[in-house]
$ cat my_file_10.cif   # mmCIF, C-alpha atoms and all ligand atoms
data_model
loop_
_atom_site.label_atom_id
_atom_site.label_comp_id
_atom_site.auth_asym_id
_atom_site.auth_seq_id
_atom_site.Cartn_x
_atom_site.Cartn_y
_atom_site.Cartn_z
CA MET A 273 135.25 76.08 76.92
CA ILE A 274 133.33 78.29 74.55
CA LYS A 275 130.56 78.54 77.20
CA PHE A 276 132.75 80.83 79.32
CA ALA A 277 133.19 83.35 76.55
CA PRO A 278 129.97 85.31 77.28
CA ILE A 279 130.88 85.49 80.98
CA LEU A 280 134.39 86.77 80.23
CA ILE A 281 133.00 89.27 77.76
CA ALA A 282 130.52 90.46 80.38
CA LEU A 283 133.37 90.82 82.88
CA ALA A 284 135.54 92.79 80.45
CA TYR A 285 132.58 94.93 79.46
CA GLY A 286 131.84 95.62 83.13
CA ILE A 287 135.43 96.71 83.82
CA ALA A 288 135.50 98.94 80.74
CA MET A 289 132.15 100.53 81.62
CA TYR A 290 133.23 101.13 85.19
CA ARG A 291 136.54 102.70 84.10
CA PHE A 292 134.69 104.93 81.69
CA SER A 293 132.12 106.05 84.21
CA ALA A 294 134.81 106.66 86.88
CA TRP A 295 136.78 108.74 84.37
CA ARG A 296 133.67 110.70 83.39
CA THR A 297 132.74 111.27 87.06
CA ALA A 298 136.26 112.56 87.81
CA LYS A 299 136.09 114.94 84.83
CA GLU A 300 132.70 116.23 85.89
CA LEU A 301 133.87 116.71 89.47
CA ASP A 302 137.08 118.47 88.37
CA ALA A 303 135.10 120.89 86.25
CA LYS A 304 132.45 121.61 88.86
CA SER A 305 134.16 121.69 92.22
CA THR A 306 136.19 123.91 94.52
CA GLU A 307 137.92 123.17 97.76
CA LEU A 308 135.85 123.70 100.90
CA ALA A 309 137.25 126.75 102.70
CA ASP A 310 134.59 127.41 105.34
CA PRO A 311 136.52 128.09 108.60
CA MET A 312 134.04 126.35 110.90
CA LEU A 313 133.93 123.19 108.79
CA ARG A 314 137.68 123.31 108.22
CA HIS A 315 138.11 123.37 111.98
CA LEU A 316 136.00 120.21 112.38
CA CYS A 317 137.91 118.53 109.52
CA ASP A 318 141.17 119.38 111.31
CA GLN A 319 139.84 117.78 114.49
CA MET A 320 139.04 114.62 112.52
CA ALA A 321 142.42 114.72 110.80
CA ALA A 322 144.12 114.92 114.21
CA ALA A 323 142.13 111.90 115.42
CA LEU A 324 143.28 109.99 112.33
CA GLU A 325 146.84 111.31 112.64
CA LEU A 326 146.61 112.78 109.16
CA PRO A 327 148.06 116.18 108.22
CA ARG A 328 144.67 117.31 106.86
CA ILE A 329 141.39 116.19 105.36
CA LYS A 330 140.59 117.79 102.06
CA VAL A 331 136.91 118.28 101.20
CA HIS A 332 135.48 119.69 97.99
CA ILE A 333 132.23 121.44 97.17
CA TYR A 334 130.47 119.99 94.16
CA GLU A 335 128.50 122.74 92.44
CA ILE A 336 125.09 121.12 92.23
CA ASP A 337 121.90 121.80 94.15
CA PRO A 338 120.60 118.43 95.40
CA ILE A 339 121.61 117.70 98.99
CA ASN A 340 124.29 115.04 98.85
CA GLY A 341 127.67 113.83 99.97
CA LEU A 342 129.88 111.53 97.97
CA ALA A 343 133.21 109.77 97.82
CA ALA A 344 134.57 109.72 94.27
CA PRO A 345 136.13 106.53 92.85
CA ASP A 346 139.55 108.21 93.28
CA GLY A 347 138.88 108.72 97.02
CA ARG A 348 138.12 112.45 97.03
CA ILE A 349 135.33 113.64 99.33
CA PHE A 350 132.59 115.99 98.16
CA ILE A 351 129.59 117.73 99.62
CA THR A 352 127.22 119.50 97.29
CA ARG A 353 126.70 123.26 97.10
CA GLY A 354 123.04 122.59 97.97
CA PHE A 355 124.09 120.90 101.21
CA TYR A 356 126.53 123.69 102.06
CA LYS A 357 123.78 126.27 101.46
CA ARG A 358 121.58 124.48 103.99
CA PHE A 359 124.44 124.81 106.46
CA LYS A 360 124.88 128.51 105.70
CA ASN A 361 121.19 129.23 106.18
CA GLY A 362 121.10 127.29 109.45
CA ASP A 363 119.03 124.25 108.40
CA VAL A 364 122.02 121.98 108.97
CA SER A 365 124.60 122.42 111.75
CA ALA A 366 128.38 122.19 111.34
CA ASP A 367 128.43 118.95 113.37
CA GLU A 368 125.75 117.48 111.11
CA LEU A 369 127.70 118.31 107.98
CA ALA A 370 130.87 116.95 109.60
CA SER A 371 129.03 113.65 110.09
CA VAL A 372 128.46 113.41 106.32
CA ILE A 373 132.16 114.06 105.69
CA ALA A 374 133.03 111.39 108.28
CA HIS A 375 130.63 108.94 106.60
CA GLU A 376 132.22 109.51 103.18
CA LEU A 377 135.69 109.15 104.72
CA GLY A 378 134.43 105.79 106.00
CA HIS A 379 133.58 104.63 102.48
CA VAL A 380 137.09 105.54 101.36
CA ALA A 381 138.90 104.12 104.42
CA LEU A 382 136.95 100.86 104.34
CA GLY A 383 137.74 100.36 100.66
CA HIS A 384 134.14 100.65 99.44
CA THR A 385 135.01 103.13 96.71
CA ARG A 386 137.72 100.87 95.32
CA ARG A 387 135.67 97.71 95.72
CA ARG A 388 132.85 99.17 93.64
CA MET A 389 134.78 98.44 90.46
CA ILE A 390 134.95 94.77 91.38
CA ASP A 391 131.30 94.82 92.40
CA PHE A 392 130.27 96.45 89.19
CA SER A 393 132.19 94.26 86.75
CA GLY A 394 131.70 91.11 88.84
CA GLN A 395 128.02 91.83 88.95
CA ASN A 396 127.86 92.06 85.19
CA ALA A 397 129.61 88.70 84.76
CA MET A 398 127.52 87.02 87.49
CA ARG A 399 124.34 88.26 85.91
CA THR A 400 125.36 86.76 82.56
CA ALA A 401 126.42 83.46 84.16
CA LEU A 402 123.22 83.22 86.19
CA ALA A 403 121.09 84.10 83.19
CA MET A 404 122.76 81.31 81.19
CA ILE A 405 122.28 78.72 83.93
CA LEU A 406 118.75 79.74 84.88
CA GLY A 407 117.84 80.21 81.24
CA ARG A 408 118.53 76.52 80.64
CA PHE A 409 116.04 75.40 83.30
CA LEU A 410 113.59 78.26 83.14
CA PRO A 411 113.50 79.50 79.57
CA GLY A 412 111.98 82.95 79.34
CA ILE A 413 112.10 83.95 82.98
CA GLY A 414 115.71 82.80 83.63
CA PRO A 415 117.41 86.05 82.63
CA TRP A 416 114.73 88.08 84.41
CA LEU A 417 115.19 86.04 87.59
CA ALA A 418 118.99 86.40 87.31
CA GLY A 419 118.58 90.17 87.14
CA ALA A 420 116.26 90.24 90.14
CA LEU A 421 118.61 88.05 92.21
CA MET A 422 121.62 90.22 91.36
CA ASN A 423 119.71 93.38 92.30
CA LEU A 424 118.85 91.89 95.67
CA PHE A 425 122.45 90.88 96.23
CA MET A 426 123.78 94.31 95.27
CA ALA A 427 121.21 96.06 97.47
CA LYS A 428 122.39 93.93 100.39
CA LEU A 429 126.03 94.84 99.67
CA SER A 430 125.40 98.58 99.49
CA ARG A 431 123.19 98.38 102.60
CA ASN A 432 126.08 96.80 104.50
CA ASP A 433 128.41 99.51 103.17
CA GLU A 434 126.11 102.20 104.55
CA PHE A 435 125.99 100.68 108.03
CA GLU A 436 129.76 100.21 108.01
CA ALA A 437 130.39 103.79 106.90
CA ASP A 438 127.98 105.00 109.62
CA ALA A 439 129.89 102.99 112.25
CA TYR A 440 133.23 104.33 111.01
CA ALA A 441 131.84 107.89 111.12
CA ALA A 442 130.49 107.38 114.67
CA ALA A 443 133.87 106.13 115.89
CA LEU A 444 135.73 108.97 114.18
CA LEU A 445 133.30 111.66 115.40
CA THR A 446 133.60 110.31 118.93
CA LYS A 447 137.39 110.12 118.86
CA SER A 448 137.71 113.64 117.48
CA GLY A 449 135.46 115.05 120.21
CA ILE A 450 132.64 116.10 117.88
CA GLY A 451 130.29 113.35 119.08
CA ILE A 452 127.52 111.53 117.25
CA GLU A 453 124.55 113.74 118.15
CA GLY A 454 124.88 115.59 114.84
CA GLN A 455 124.98 112.30 112.94
CA ILE A 456 121.73 111.23 114.59
CA SER A 457 119.96 114.59 114.34
CA LEU A 458 120.80 114.80 110.64
CA PHE A 459 119.13 111.44 110.02
CA GLU A 460 116.14 112.74 111.92
CA LYS A 461 115.74 115.72 109.61
CA LEU A 462 116.72 113.95 106.38
CA ASP A 463 113.26 113.18 105.12
CA ALA A 464 112.22 116.82 105.33
CA LEU A 465 115.51 118.07 103.87
CA THR A 466 115.55 115.78 100.85
CA GLN A 467 111.97 116.38 99.79
CA SER A 468 113.25 119.07 97.45
CA ASN A 469 115.54 116.45 95.88
CA ALA A 470 112.49 115.22 93.97
CA GLY A 471 112.91 111.54 94.74
CA ALA A 472 116.64 111.35 94.14
CA ALA A 473 118.03 109.76 97.30
CA PRO A 474 121.41 111.18 98.31
CA ALA A 475 124.27 108.72 97.92
CA TRP A 476 125.22 108.84 101.57
CA PHE A 477 121.61 108.18 102.46
CA LEU A 478 121.00 105.42 99.90
CA SER A 479 117.38 104.70 100.80
CA HIS A 480 118.18 100.99 101.44
CA PRO A 481 118.72 101.17 105.17
CA LYS A 482 115.79 103.02 106.65
CA THR A 483 116.72 106.15 108.57
CA HIS A 484 115.34 104.78 111.84
CA GLU A 485 117.40 101.58 111.44
CA ARG A 486 120.54 103.66 111.00
CA ILE A 487 119.71 105.71 114.09
CA ALA A 488 119.00 102.54 116.09
CA ALA A 489 122.35 101.04 115.02
CA LEU A 490 124.16 104.21 116.14
CA ARG A 491 122.37 104.32 119.50
CA LYS A 492 123.26 100.68 120.11
CA MET A 493 126.91 101.39 119.35
CA GLU A 494 126.86 104.44 121.64
CA ASP A 495 125.42 102.34 124.49
CA ARG A 496 128.14 99.73 124.00
CA TRP A 497 130.84 102.39 124.11
CA LYS A 498 129.36 103.96 127.22
CA ALA A 499 129.37 100.57 128.92
CA LEU A 500 133.12 100.20 128.32
CA PRO A 501 135.35 101.12 131.25
CA SER A 502 136.86 104.56 130.70
CA SER A 503 140.25 104.34 129.03
CA LYS A 504 141.71 107.01 131.32
ZN ZN B 1 127.23 106.03 102.18
#
$ encode --input "my_file_10.cif" --output "structure tokens"
Amino acid sequence: MIKFAPILIALAYGIAMYRFSAWRTAKELDAKSTELADPMLRHLCDQMAAALELPRIKVHIYEIDPINGLAAPDGRIFITRGFYKRFKNGDVSADELASVIAHELGHVALGHTRRRMIDFSGQNAMRTALAMILGRFLPGIGPWLAGALMNLFMAKLSRNDEFEADAYAAALLTKSGIGIEGQISLFEKLDALTQSNAGAAPAWFLSHPKTHERIAALRKMEDRWKALPSSK
């Protein structure tokens, strides 16, 4: 039975680390954010809220420069001051920014933000278990191989999350009458926009799925919807 101890310790350590980082993130966000009050964006949020039959959708501005959108572990939605500035100076349209909010709402609604704790701590335990098993057969490279396998697995998970959040956003933007053109055009200008991010890929953009793959997935979905008989 003693063999399971390292795995359980890794699991407990993972949970503790995740809790700590979620707590620290929430503190940081509390200290550095204000509620989004822009009338044009508020209007689009209200349209999305109506489509979801929610009283309102609250969005916060996170006071940092890199262009980003994020859903906090507690389910709050943020766009960065840098992103908002790009909207104010006309680089990004209101519909485009709304698509980022819709995407983050997707992560929350689909349970990705909550599941990340399980991913994170489970990953830590799996890595330890794999390293122990592989280490027996492949001394030396076992732990390294375990790490590489887990990274691949996690990349696949977060890639799926991105496509799912995109699909959720597309459905929501369509239902609320905003449409998905902004979602697509934002992807098209992303590379240019994020160059000033100095290599840090925005969370909602998560370099894993290539921009053109995300656009292709959206176009395919749009074609399928258009092919459906009108619901009227
Ligand atoms: Zn995302």
$ closest_residue --input "my_file_10.cif" --among "A:Gln395, A:Ser293, A:Ser430, A:Asn361" --to "ligand ZN 1 (chain B)" --atoms "all atoms listed in the file"
A:Ser430
$ residues_around --input "my_file_10.cif" --residues "Arg399 (chain A)" --least-positions-apart "2" --cutoff "12 Å" --atoms "all atoms listed in the file" --output "ChimeraX atom specification"
/A:278-283,286,391-397,401-407,414-426
$ atom_distance --input "my_file_10.cif" --atom1 "atom ZN of ligand ZN 1 (chain B)" --atom2 "CA of Ala381 (chain A)"
12.0 Å
$ closest_residue --input "my_file_10.cif" --among "A:Gln319, A:Asn340, A:Asn432, A:Ser457" --to "Val372 (chain A)" --atoms "all atoms listed in the file"
A:Asn340
$ closest_residue --input "my_file_10.cif" --among "A:Ser365, A:Ser305, A:Ser371, A:Thr446" --to "ligand ZN 1 (chain B)" --atoms "all atoms listed in the file"
A:Ser371
$ closest_residue --input "my_file_10.cif" --among "A:Asp318, A:Leu490, A:Ala343, A:Met312" --to "His375 (chain A)" --atoms "all atoms listed in the file"
A:Ala343
$ residues_near_ligand --input "my_file_10.cif" --ligand "ligand ZN 1 (chain B)" --cutoff "10 Å" --atoms "all atoms listed in the file" --output "JSON, numbers by chain"
{"A": [341, 342, 343, 372, 374, 375, 376, 377, 378, 379, 380, 384, 385, 430, 431, 432, 433, 434, 435, 436, 437, 438, 474, 475, 476, 477, 478]}
$ write_last_selection --input "my_file_10.cif" --atoms "C-alpha atoms" --output "PDB file, in the frame of the given file"
ATOM      1  CA  GLY A 341     127.670 113.830  99.970  1.00  0.00           C
ATOM      2  CA  LEU A 342     129.880 111.530  97.970  1.00  0.00           C
ATOM      3  CA  ALA A 343     133.210 109.770  97.820  1.00  0.00           C
ATOM      4  CA  VAL A 372     128.460 113.410 106.320  1.00  0.00           C
ATOM      5  CA  ALA A 374     133.030 111.390 108.280  1.00  0.00           C
ATOM      6  CA  HIS A 375     130.630 108.940 106.600  1.00  0.00           C
ATOM      7  CA  GLU A 376     132.220 109.510 103.180  1.00  0.00           C
ATOM      8  CA  LEU A 377     135.690 109.150 104.720  1.00  0.00           C
ATOM      9  CA  GLY A 378     134.430 105.790 106.000  1.00  0.00           C
ATOM     10  CA  HIS A 379     133.580 104.630 102.480  1.00  0.00           C
ATOM     11  CA  VAL A 380     137.090 105.540 101.360  1.00  0.00           C
ATOM     12  CA  HIS A 384     134.140 100.650  99.440  1.00  0.00           C
ATOM     13  CA  THR A 385     135.010 103.130  96.710  1.00  0.00           C
ATOM     14  CA  SER A 430     125.400  98.580  99.490  1.00  0.00           C
ATOM     15  CA  ARG A 431     123.190  98.380 102.600  1.00  0.00           C
ATOM     16  CA  ASN A 432     126.080  96.800 104.500  1.00  0.00           C
ATOM     17  CA  ASP A 433     128.410  99.510 103.170  1.00  0.00           C
ATOM     18  CA  GLU A 434     126.110 102.200 104.550  1.00  0.00           C
ATOM     19  CA  PHE A 435     125.990 100.680 108.030  1.00  0.00           C
ATOM     20  CA  GLU A 436     129.760 100.210 108.010  1.00  0.00           C
ATOM     21  CA  ALA A 437     130.390 103.790 106.900  1.00  0.00           C
ATOM     22  CA  ASP A 438     127.980 105.000 109.620  1.00  0.00           C
ATOM     23  CA  PRO A 474     121.410 111.180  98.310  1.00  0.00           C
ATOM     24  CA  ALA A 475     124.270 108.720  97.920  1.00  0.00           C
ATOM     25  CA  TRP A 476     125.220 108.840 101.570  1.00  0.00           C
ATOM     26  CA  PHE A 477     121.610 108.180 102.460  1.00  0.00           C
ATOM     27  CA  LEU A 478     121.000 105.420  99.900  1.00  0.00           C
TER      28      LEU A 478
END
$ closest_residue --input "my_file_10.cif" --among "A:Leu382, A:Ile287, A:Ala344, A:Ala442" --to "Lys299 (chain A)" --atoms "only C-alpha atoms"
A:Ala344
$ residues_near_point --input "my_file_10.cif" --point "(121.1, 107.9, 116.5)" --cutoff "10 Å" --atoms "all atoms listed in the file" --output "PDB file with C-alpha atoms, keeping the file's coordinate frame"
ATOM      1  CA  ALA A 442     130.490 107.380 114.670  1.00  0.00           C
ATOM      2  CA  ILE A 452     127.520 111.530 117.250  1.00  0.00           C
ATOM      3  CA  GLU A 453     124.550 113.740 118.150  1.00  0.00           C
ATOM      4  CA  GLY A 454     124.880 115.590 114.840  1.00  0.00           C
ATOM      5  CA  GLN A 455     124.980 112.300 112.940  1.00  0.00           C
ATOM      6  CA  ILE A 456     121.730 111.230 114.590  1.00  0.00           C
ATOM      7  CA  SER A 457     119.960 114.590 114.340  1.00  0.00           C
ATOM      8  CA  LEU A 458     120.800 114.800 110.640  1.00  0.00           C
ATOM      9  CA  PHE A 459     119.130 111.440 110.020  1.00  0.00           C
ATOM     10  CA  GLU A 460     116.140 112.740 111.920  1.00  0.00           C
ATOM     11  CA  THR A 483     116.720 106.150 108.570  1.00  0.00           C
ATOM     12  CA  HIS A 484     115.340 104.780 111.840  1.00  0.00           C
ATOM     13  CA  GLU A 485     117.400 101.580 111.440  1.00  0.00           C
ATOM     14  CA  ARG A 486     120.540 103.660 111.000  1.00  0.00           C
ATOM     15  CA  ILE A 487     119.710 105.710 114.090  1.00  0.00           C
ATOM     16  CA  ALA A 488     119.000 102.540 116.090  1.00  0.00           C
ATOM     17  CA  ALA A 489     122.350 101.040 115.020  1.00  0.00           C
ATOM     18  CA  LEU A 490     124.160 104.210 116.140  1.00  0.00           C
ATOM     19  CA  ARG A 491     122.370 104.320 119.500  1.00  0.00           C
ATOM     20  CA  LYS A 492     123.260 100.680 120.110  1.00  0.00           C
ATOM     21  CA  MET A 493     126.910 101.390 119.350  1.00  0.00           C
ATOM     22  CA  GLU A 494     126.860 104.440 121.640  1.00  0.00           C
TER      23      GLU A 494
END
$ closest_residue --input "my_file_10.cif" --among "A:Ala294, A:Ile336, A:Ala366, A:Ala288" --to "Arg314 (chain A)" --atoms "all atoms listed in the file"
A:Ala366
